[in-house]
file protein_3.cif (mmCIF, N, CA, C and O atoms)
data_data
loop_
_atom_site.label_atom_id
_atom_site.label_comp_id
_atom_site.auth_asym_id
_atom_site.auth_seq_id
_atom_site.Cartn_x
_atom_site.Cartn_y
_atom_site.Cartn_z
N MET A 1 133.97 139.64 84.30
CA MET A 1 135.14 138.89 84.72
C MET A 1 135.27 137.61 83.89
O MET A 1 135.53 137.67 82.71
N PHE A 2 135.12 136.47 84.58
CA PHE A 2 135.24 135.20 83.88
C PHE A 2 133.85 134.66 83.59
O PHE A 2 132.99 134.61 84.46
N SER A 3 133.70 134.24 82.42
CA SER A 3 132.42 133.62 82.09
C SER A 3 132.57 132.10 82.19
O SER A 3 133.68 131.57 82.27
N LEU A 4 131.47 131.42 82.18
CA LEU A 4 131.48 129.96 82.29
C LEU A 4 132.14 129.33 81.06
O LEU A 4 132.81 128.31 81.18
N LYS A 5 131.97 129.94 79.90
CA LYS A 5 132.59 129.43 78.68
C LYS A 5 134.11 129.51 78.76
O LYS A 5 134.82 128.60 78.34
N ALA A 6 134.60 130.57 79.34
CA ALA A 6 136.05 130.74 79.45
C ALA A 6 136.64 129.73 80.43
O ALA A 6 137.74 129.20 80.21
N LEU A 7 135.91 129.42 81.49
CA LEU A 7 136.40 128.41 82.45
C LEU A 7 136.42 127.02 81.83
O LEU A 7 137.30 126.22 82.12
N ARG A 8 135.44 126.71 80.98
CA ARG A 8 135.40 125.40 80.33
C ARG A 8 136.56 125.22 79.35
O ARG A 8 137.04 124.12 79.15
N ARG A 9 136.97 126.30 78.73
CA ARG A 9 138.06 126.23 77.76
C ARG A 9 139.43 126.22 78.43
O ARG A 9 140.40 125.79 77.83
N ASN A 10 139.51 126.66 79.64
CA ASN A 10 140.80 126.74 80.34
C ASN A 10 141.31 125.32 80.62
O ASN A 10 140.62 124.50 81.23
N LYS A 11 142.53 125.02 80.18
CA LYS A 11 143.09 123.67 80.35
C LYS A 11 143.37 123.35 81.82
O LYS A 11 143.25 122.20 82.23
N THR A 12 143.73 124.33 82.61
CA THR A 12 143.99 124.10 84.04
C THR A 12 142.74 123.63 84.74
O THR A 12 142.76 122.69 85.53
N VAL A 13 141.64 124.26 84.46
CA VAL A 13 140.37 123.89 85.08
C VAL A 13 139.89 122.56 84.51
O VAL A 13 139.37 121.71 85.24
N LYS A 14 140.07 122.37 83.23
CA LYS A 14 139.55 121.16 82.57
C LYS A 14 140.33 119.91 82.97
O LYS A 14 139.74 118.86 83.19
N TYR A 15 141.68 120.00 83.08
CA TYR A 15 142.49 118.82 83.36
C TYR A 15 143.17 118.86 84.73
O TYR A 15 143.33 117.83 85.38
N GLY A 16 143.59 120.01 85.18
CA GLY A 16 144.36 120.13 86.42
C GLY A 16 143.54 119.91 87.67
O GLY A 16 143.94 119.20 88.60
N VAL A 17 142.35 120.51 87.74
CA VAL A 17 141.52 120.39 88.94
C VAL A 17 141.06 118.94 89.15
O VAL A 17 141.16 118.42 90.27
N PRO A 18 140.56 118.23 88.12
CA PRO A 18 140.21 116.82 88.35
C PRO A 18 141.41 115.96 88.78
O PRO A 18 141.28 115.09 89.63
N MET A 19 142.57 116.25 88.19
CA MET A 19 143.77 115.49 88.57
C MET A 19 144.13 115.77 90.02
O MET A 19 144.46 114.84 90.77
N LEU A 20 144.07 117.01 90.43
CA LEU A 20 144.37 117.37 91.81
C LEU A 20 143.38 116.71 92.77
O LEU A 20 143.77 116.19 93.82
N LEU A 21 142.11 116.73 92.40
CA LEU A 21 141.09 116.08 93.24
C LEU A 21 141.35 114.57 93.34
O LEU A 21 141.18 113.97 94.41
N LEU A 22 141.75 113.95 92.24
CA LEU A 22 142.02 112.52 92.23
C LEU A 22 143.21 112.19 93.14
O LEU A 22 143.17 111.23 93.92
N VAL A 23 144.27 112.97 93.08
CA VAL A 23 145.46 112.71 93.90
C VAL A 23 145.16 112.91 95.37
O VAL A 23 145.48 112.06 96.22
N VAL A 24 144.53 114.02 95.71
CA VAL A 24 144.24 114.31 97.12
C VAL A 24 143.20 113.33 97.66
O VAL A 24 143.36 112.77 98.75
N GLY A 25 142.16 113.10 96.91
CA GLY A 25 141.12 112.15 97.35
C GLY A 25 141.66 110.73 97.44
O GLY A 25 141.30 109.97 98.34
N GLY A 26 142.55 110.36 96.52
CA GLY A 26 143.15 109.02 96.55
C GLY A 26 144.00 108.81 97.77
O GLY A 26 144.01 107.71 98.35
N SER A 27 144.72 109.83 98.20
CA SER A 27 145.56 109.67 99.39
C SER A 27 144.70 109.45 100.63
O SER A 27 145.03 108.62 101.49
N PHE A 28 143.58 110.15 100.73
CA PHE A 28 142.68 109.93 101.87
C PHE A 28 142.04 108.55 101.81
O PHE A 28 141.90 107.86 102.83
N GLY A 29 141.66 108.13 100.61
CA GLY A 29 141.08 106.79 100.47
C GLY A 29 142.08 105.69 100.81
O GLY A 29 141.75 104.73 101.49
N LEU A 30 143.31 105.83 100.33
CA LEU A 30 144.33 104.83 100.64
C LEU A 30 144.63 104.78 102.12
O LEU A 30 144.90 103.71 102.67
N ARG A 31 144.59 105.93 102.78
CA ARG A 31 144.84 105.96 104.22
C ARG A 31 143.80 105.10 104.96
O ARG A 31 144.14 104.33 105.85
N GLU A 32 142.56 105.20 104.55
CA GLU A 32 141.50 104.40 105.19
C GLU A 32 141.71 102.91 104.94
O GLU A 32 141.56 102.09 105.85
N PHE A 33 142.03 102.54 103.71
CA PHE A 33 142.22 101.13 103.39
C PHE A 33 143.44 100.54 104.11
O PHE A 33 143.39 99.41 104.59
N THR A 34 144.52 101.29 104.18
CA THR A 34 145.70 100.76 104.88
C THR A 34 145.45 100.68 106.38
O THR A 34 145.97 99.78 107.04
N GLN A 35 144.64 101.56 106.93
CA GLN A 35 144.31 101.49 108.35
C GLN A 35 143.53 100.21 108.65
O GLN A 35 143.78 99.55 109.66
N ILE A 36 142.64 99.83 107.75
CA ILE A 36 141.90 98.57 107.92
C ILE A 36 142.87 97.40 107.93
O ILE A 36 142.76 96.47 108.74
N ARG A 37 143.84 97.44 107.05
CA ARG A 37 144.84 96.36 106.96
C ARG A 37 145.61 96.22 108.27
O ARG A 37 145.80 95.13 108.79
N TYR A 38 146.09 97.34 108.81
CA TYR A 38 146.89 97.28 110.04
C TYR A 38 146.04 96.91 111.25
O TYR A 38 146.52 96.24 112.16
N ASP A 39 144.79 97.29 111.26
CA ASP A 39 143.89 96.88 112.35
C ASP A 39 143.69 95.37 112.33
O ASP A 39 143.66 94.71 113.37
N ALA A 40 143.55 94.80 111.14
CA ALA A 40 143.38 93.35 111.01
C ALA A 40 144.64 92.63 111.47
O ALA A 40 144.57 91.58 112.11
N GLN A 41 145.82 93.17 111.17
CA GLN A 41 147.07 92.55 111.61
C GLN A 41 147.19 92.58 113.13
O GLN A 41 147.68 91.63 113.73
N LYS A 42 146.74 93.66 113.75
CA LYS A 42 146.79 93.73 115.21
C LYS A 42 145.92 92.66 115.85
O LYS A 42 146.28 92.07 116.86
N LEU A 43 144.76 92.40 115.25
CA LEU A 43 143.87 91.38 115.79
C LEU A 43 144.49 89.99 115.67
O LEU A 43 144.33 89.15 116.55
N ARG A 44 145.21 89.74 114.57
CA ARG A 44 145.84 88.43 114.39
C ARG A 44 147.00 88.21 115.34
O ARG A 44 147.31 87.09 115.70
N LYS A 45 147.68 89.29 115.73
CA LYS A 45 148.87 89.17 116.57
C LYS A 45 148.56 88.97 118.04
O LYS A 45 149.47 88.68 118.81
N LYS A 46 147.31 89.11 118.44
CA LYS A 46 146.98 88.93 119.85
C LYS A 46 147.22 87.48 120.26
O LYS A 46 146.88 86.55 119.54
N LEU A 47 147.80 87.28 121.44
CA LEU A 47 148.13 85.94 121.92
C LEU A 47 146.99 85.37 122.76
O LEU A 47 146.19 86.11 123.33
N ASP A 48 146.97 84.07 122.84
CA ASP A 48 146.05 83.41 123.75
C ASP A 48 146.45 83.74 125.18
O ASP A 48 147.62 83.94 125.47
N PRO A 49 145.48 83.78 126.09
CA PRO A 49 145.84 84.08 127.49
C PRO A 49 146.84 83.09 128.08
O PRO A 49 147.70 83.45 128.88
N SER A 50 146.76 81.82 127.67
CA SER A 50 147.70 80.83 128.20
C SER A 50 149.12 81.12 127.72
O SER A 50 150.08 81.01 128.47
N LEU A 51 149.26 81.51 126.46
CA LEU A 51 150.58 81.85 125.93
C LEU A 51 151.07 83.19 126.48
O LEU A 51 152.25 83.37 126.71
N GLU A 52 150.14 84.09 126.70
CA GLU A 52 150.53 85.41 127.18
C GLU A 52 151.15 85.33 128.56
O GLU A 52 152.09 86.05 128.87
N SER A 53 150.66 84.41 129.39
CA SER A 53 151.25 84.27 130.73
C SER A 53 152.66 83.70 130.65
O SER A 53 153.51 84.03 131.46
N LYS A 54 152.92 82.86 129.63
CA LYS A 54 154.26 82.31 129.47
C LYS A 54 155.24 83.36 128.96
O LYS A 54 156.43 83.27 129.20
N VAL A 55 154.75 84.35 128.24
CA VAL A 55 155.60 85.37 127.67
C VAL A 55 155.76 86.56 128.60
O VAL A 55 156.57 87.44 128.36
N ASP A 56 155.05 86.57 129.69
CA ASP A 56 155.07 87.69 130.62
C ASP A 56 156.50 87.97 131.08
O ASP A 56 157.23 87.08 131.49
N VAL A 57 156.92 89.23 131.01
CA VAL A 57 158.30 89.63 131.30
C VAL A 57 158.63 89.40 132.77
O VAL A 57 159.75 88.98 133.11
N GLU A 58 157.71 89.67 133.66
CA GLU A 58 157.97 89.51 135.09
C GLU A 58 158.22 88.04 135.45
O GLU A 58 159.07 87.73 136.27
N LYS A 59 157.47 87.14 134.82
CA LYS A 59 157.63 85.72 135.11
C LYS A 59 158.82 85.11 134.40
O LYS A 59 159.27 84.04 134.75
N GLN A 60 159.34 85.81 133.39
CA GLN A 60 160.40 85.24 132.57
C GLN A 60 161.69 85.03 133.36
O GLN A 60 162.40 84.07 133.12
N SER A 61 161.99 85.89 134.33
CA SER A 61 163.20 85.70 135.11
C SER A 61 163.13 84.41 135.93
O SER A 61 164.11 83.68 136.06
N SER A 62 161.95 84.11 136.47
CA SER A 62 161.81 82.86 137.22
C SER A 62 161.89 81.65 136.29
O SER A 62 162.42 80.61 136.66
N MET A 63 161.38 81.80 135.05
CA MET A 63 161.47 80.71 134.09
C MET A 63 162.93 80.45 133.72
O MET A 63 163.34 79.30 133.55
N LEU A 64 163.72 81.50 133.61
CA LEU A 64 165.14 81.33 133.30
C LEU A 64 165.87 80.60 134.41
O LEU A 64 166.74 79.76 134.15
N GLU A 65 165.51 80.89 135.64
CA GLU A 65 166.14 80.20 136.77
C GLU A 65 165.81 78.71 136.75
O GLU A 65 166.68 77.86 137.00
N VAL A 66 164.57 78.37 136.41
CA VAL A 66 164.17 76.96 136.33
C VAL A 66 164.97 76.26 135.23
O VAL A 66 165.47 75.14 135.42
N GLU A 67 165.09 76.90 134.07
CA GLU A 67 165.85 76.31 132.97
C GLU A 67 167.33 76.17 133.34
O GLU A 67 167.97 75.20 132.97
N TYR A 68 167.86 77.14 134.07
CA TYR A 68 169.26 77.06 134.50
C TYR A 68 169.46 75.87 135.42
O TYR A 68 170.47 75.15 135.31
N GLU A 69 168.53 75.62 136.32
CA GLU A 69 168.63 74.46 137.22
C GLU A 69 168.61 73.16 136.43
O GLU A 69 169.33 72.22 136.75
N LYS A 70 167.77 73.08 135.39
CA LYS A 70 167.70 71.87 134.56
C LYS A 70 169.04 71.63 133.86
O LYS A 70 169.54 70.51 133.81
N ILE A 71 169.64 72.68 133.32
CA ILE A 71 170.91 72.55 132.60
C ILE A 71 172.04 72.22 133.56
O ILE A 71 172.96 71.48 133.22
N LYS A 72 171.95 72.74 134.76
CA LYS A 72 172.99 72.50 135.76
C LYS A 72 173.07 71.01 136.12
O LYS A 72 174.14 70.49 136.39
N GLU A 73 171.94 70.33 136.07
CA GLU A 73 171.89 68.91 136.42
C GLU A 73 172.48 68.02 135.32
O GLU A 73 172.86 66.89 135.57
N LEU A 74 172.55 68.51 134.09
CA LEU A 74 173.06 67.70 132.98
C LEU A 74 174.57 67.52 133.09
O LEU A 74 175.28 68.38 133.57
N ASN A 75 175.04 66.37 132.62
CA ASN A 75 176.47 66.09 132.61
C ASN A 75 177.02 66.57 131.27
O ASN A 75 176.88 65.91 130.24
N LEU A 76 177.68 67.69 131.27
CA LEU A 76 178.19 68.27 130.04
C LEU A 76 179.59 67.79 129.69
O LEU A 76 180.13 68.14 128.64
N GLU A 77 180.19 67.00 130.53
CA GLU A 77 181.54 66.48 130.27
C GLU A 77 181.51 65.31 129.29
O GLU A 77 182.48 65.06 128.60
N LYS A 78 180.41 64.55 129.25
CA LYS A 78 180.34 63.36 128.40
C LYS A 78 179.36 63.58 127.24
O LYS A 78 178.44 62.79 127.06
N TRP A 79 179.53 64.62 126.48
CA TRP A 79 178.66 64.83 125.34
C TRP A 79 179.36 64.38 124.08
O TRP A 79 180.58 64.28 124.03
N LYS A 80 178.59 64.08 123.06
CA LYS A 80 179.15 63.60 121.81
C LYS A 80 178.52 64.39 120.67
O LYS A 80 177.31 64.55 120.60
N ASN A 81 179.35 64.88 119.79
CA ASN A 81 178.88 65.63 118.63
C ASN A 81 178.50 64.64 117.53
O ASN A 81 179.34 63.89 117.04
N ILE A 82 177.23 64.63 117.15
CA ILE A 82 176.74 63.71 116.13
C ILE A 82 176.36 64.52 114.90
O ILE A 82 175.57 65.45 114.99
N ARG A 83 176.93 64.16 113.78
CA ARG A 83 176.66 64.86 112.53
C ARG A 83 175.28 64.50 112.01
O ARG A 83 174.89 63.34 111.99
N GLY A 84 174.53 65.49 111.59
CA GLY A 84 173.22 65.25 110.99
C GLY A 84 173.35 64.87 109.54
O GLY A 84 174.41 65.04 108.93
N PRO A 85 172.30 64.34 108.96
CA PRO A 85 172.37 63.92 107.56
C PRO A 85 172.42 65.11 106.61
O PRO A 85 171.87 66.17 106.88
N ARG A 86 173.10 64.93 105.50
CA ARG A 86 173.12 65.94 104.45
C ARG A 86 171.80 65.86 103.69
O ARG A 86 171.11 64.84 103.74
N PRO A 87 171.45 66.90 102.96
CA PRO A 87 170.17 66.88 102.23
C PRO A 87 170.06 65.74 101.23
O PRO A 87 168.97 65.24 100.97
N TRP A 88 171.18 65.30 100.67
CA TRP A 88 171.13 64.23 99.68
C TRP A 88 171.24 62.84 100.29
O TRP A 88 171.10 61.84 99.60
N GLU A 89 171.47 62.75 101.59
CA GLU A 89 171.59 61.46 102.26
C GLU A 89 170.26 61.02 102.85
O GLU A 89 169.42 61.85 103.19
N ASP A 90 170.11 59.70 102.99
CA ASP A 90 168.92 59.16 103.63
C ASP A 90 169.13 59.20 105.14
O ASP A 90 170.07 58.59 105.65
N SER A 91 168.29 59.89 105.85
CA SER A 91 168.51 60.10 107.28
C SER A 91 168.35 58.79 108.07
O SER A 91 169.06 58.57 109.05
N ARG A 92 167.46 57.92 107.65
CA ARG A 92 167.27 56.65 108.38
C ARG A 92 168.52 55.78 108.29
O ARG A 92 168.93 55.16 109.26
N GLU A 93 169.10 55.73 107.10
CA GLU A 93 170.31 54.94 106.91
C GLU A 93 171.43 55.45 107.81
O GLU A 93 172.13 54.68 108.48
N LEU A 94 171.61 56.75 107.82
CA LEU A 94 172.67 57.37 108.61
C LEU A 94 172.45 57.12 110.10
O LEU A 94 173.39 56.80 110.83
N GLN A 95 171.21 57.23 110.55
CA GLN A 95 170.92 56.98 111.96
C GLN A 95 171.21 55.52 112.34
O GLN A 95 171.74 55.25 113.42
N GLU A 96 170.85 54.60 111.47
CA GLU A 96 171.13 53.19 111.74
C GLU A 96 172.64 52.94 111.83
O GLU A 96 173.10 52.19 112.69
N GLN A 97 173.41 53.56 110.94
CA GLN A 97 174.87 53.41 110.98
C GLN A 97 175.43 53.95 112.29
O GLN A 97 176.29 53.33 112.91
N GLN A 98 174.95 55.10 112.70
CA GLN A 98 175.45 55.70 113.94
C GLN A 98 175.08 54.85 115.14
O GLN A 98 175.87 54.67 116.07
N ARG A 99 173.88 54.29 115.15
CA ARG A 99 173.46 53.44 116.26
C ARG A 99 174.30 52.16 116.32
O ARG A 99 174.67 51.70 117.39
N SER A 100 174.57 51.59 115.14
CA SER A 100 175.37 50.36 115.13
C SER A 100 176.79 50.65 115.60
O SER A 100 177.38 49.86 116.34
N LYS A 101 177.37 51.78 115.22
CA LYS A 101 178.70 52.15 115.70
C LYS A 101 178.68 52.37 117.21
O LYS A 101 179.61 51.96 117.92
N GLN A 102 177.64 53.01 117.69
CA GLN A 102 177.54 53.30 119.13
C GLN A 102 177.37 51.99 119.91
O GLN A 102 177.94 51.82 120.98
N ASN A 103 176.58 51.06 119.39
CA ASN A 103 176.38 49.78 120.08
C ASN A 103 177.66 48.96 120.11
O ASN A 103 177.93 48.24 121.06
N LYS A 104 178.48 49.05 119.05
CA LYS A 104 179.74 48.32 119.02
C LYS A 104 180.72 48.85 120.06
O LYS A 104 181.49 48.11 120.65
N LYS A 105 180.70 50.17 120.29
CA LYS A 105 181.61 50.77 121.25
C LYS A 105 181.20 50.44 122.67
O LYS A 105 182.04 50.33 123.56
N ASP A 106 179.91 50.30 122.94
CA ASP A 106 179.42 50.03 124.31
C ASP A 106 179.64 48.62 124.71
O ASP A 106 180.30 47.84 124.79
#
call {"tool": "encode", "arguments": {"input": "protein_3.cif", "output": "structure tokens"}}
result
Amino acid sequence: MFSLKALRRNKTVKYGVPMLLLVVGGSFGLREFTQIRYDAQKLRKKLDPSLESKVDVEKQSSMLEVEYEKIKELNLEKWKNIRGPRPWEDSRELQEQQRSKQNKKD
């Protein structure tokens, strides 16, 4: 049938089989490395127990009610829209100007 010399000379056996082994073996190796990456991300995403209680879905409805009560107490009829500083403006200067204008009106 086939002798060992004939298999060594065959280009499919000489180049194709190692390439196939590299591709299939590489996919299994990459799967293991990416699994390590995602496991590490899961560990980083875990919350502290104190924060986890604040994020709890069951408690969130009661937290919303508390926030609604706080907002209900605010006087929303007498609000004033104050422009923030532009990136090229000095924020301290602008704040001082706004305070001086507000003090003059009062």
call {"tool": "atom_distance", "arguments": {"input": "protein_3.cif", "atom1": "CA of Val13 (chain A)", "atom2": "CA of Gly25 (chain A)"}}
result
17.0 Å
call {"tool": "atom_distance", "arguments": {"input": "protein_3.cif", "atom1": "CA of Ser62 (chain A)", "atom2": "CA of Asn75 (chain A)"}}
result
22.7 Å
call {"tool": "select_by_dssp", "arguments": {"input": "protein_3.cif", "residues": "chain A", "states": "helix (DSSP H, G or I)", "output": "VMD selection string"}}
result
chain A and resid 4 to 9 11 to 45 49 to 55 57 to 73 91 to 105
call {"tool": "atom_distance", "arguments": {"input": "protein_3.cif", "atom1": "CA of Gln98 (chain A)", "atom2": "CA of Lys78 (chain A)"}}
result
17.1 Å
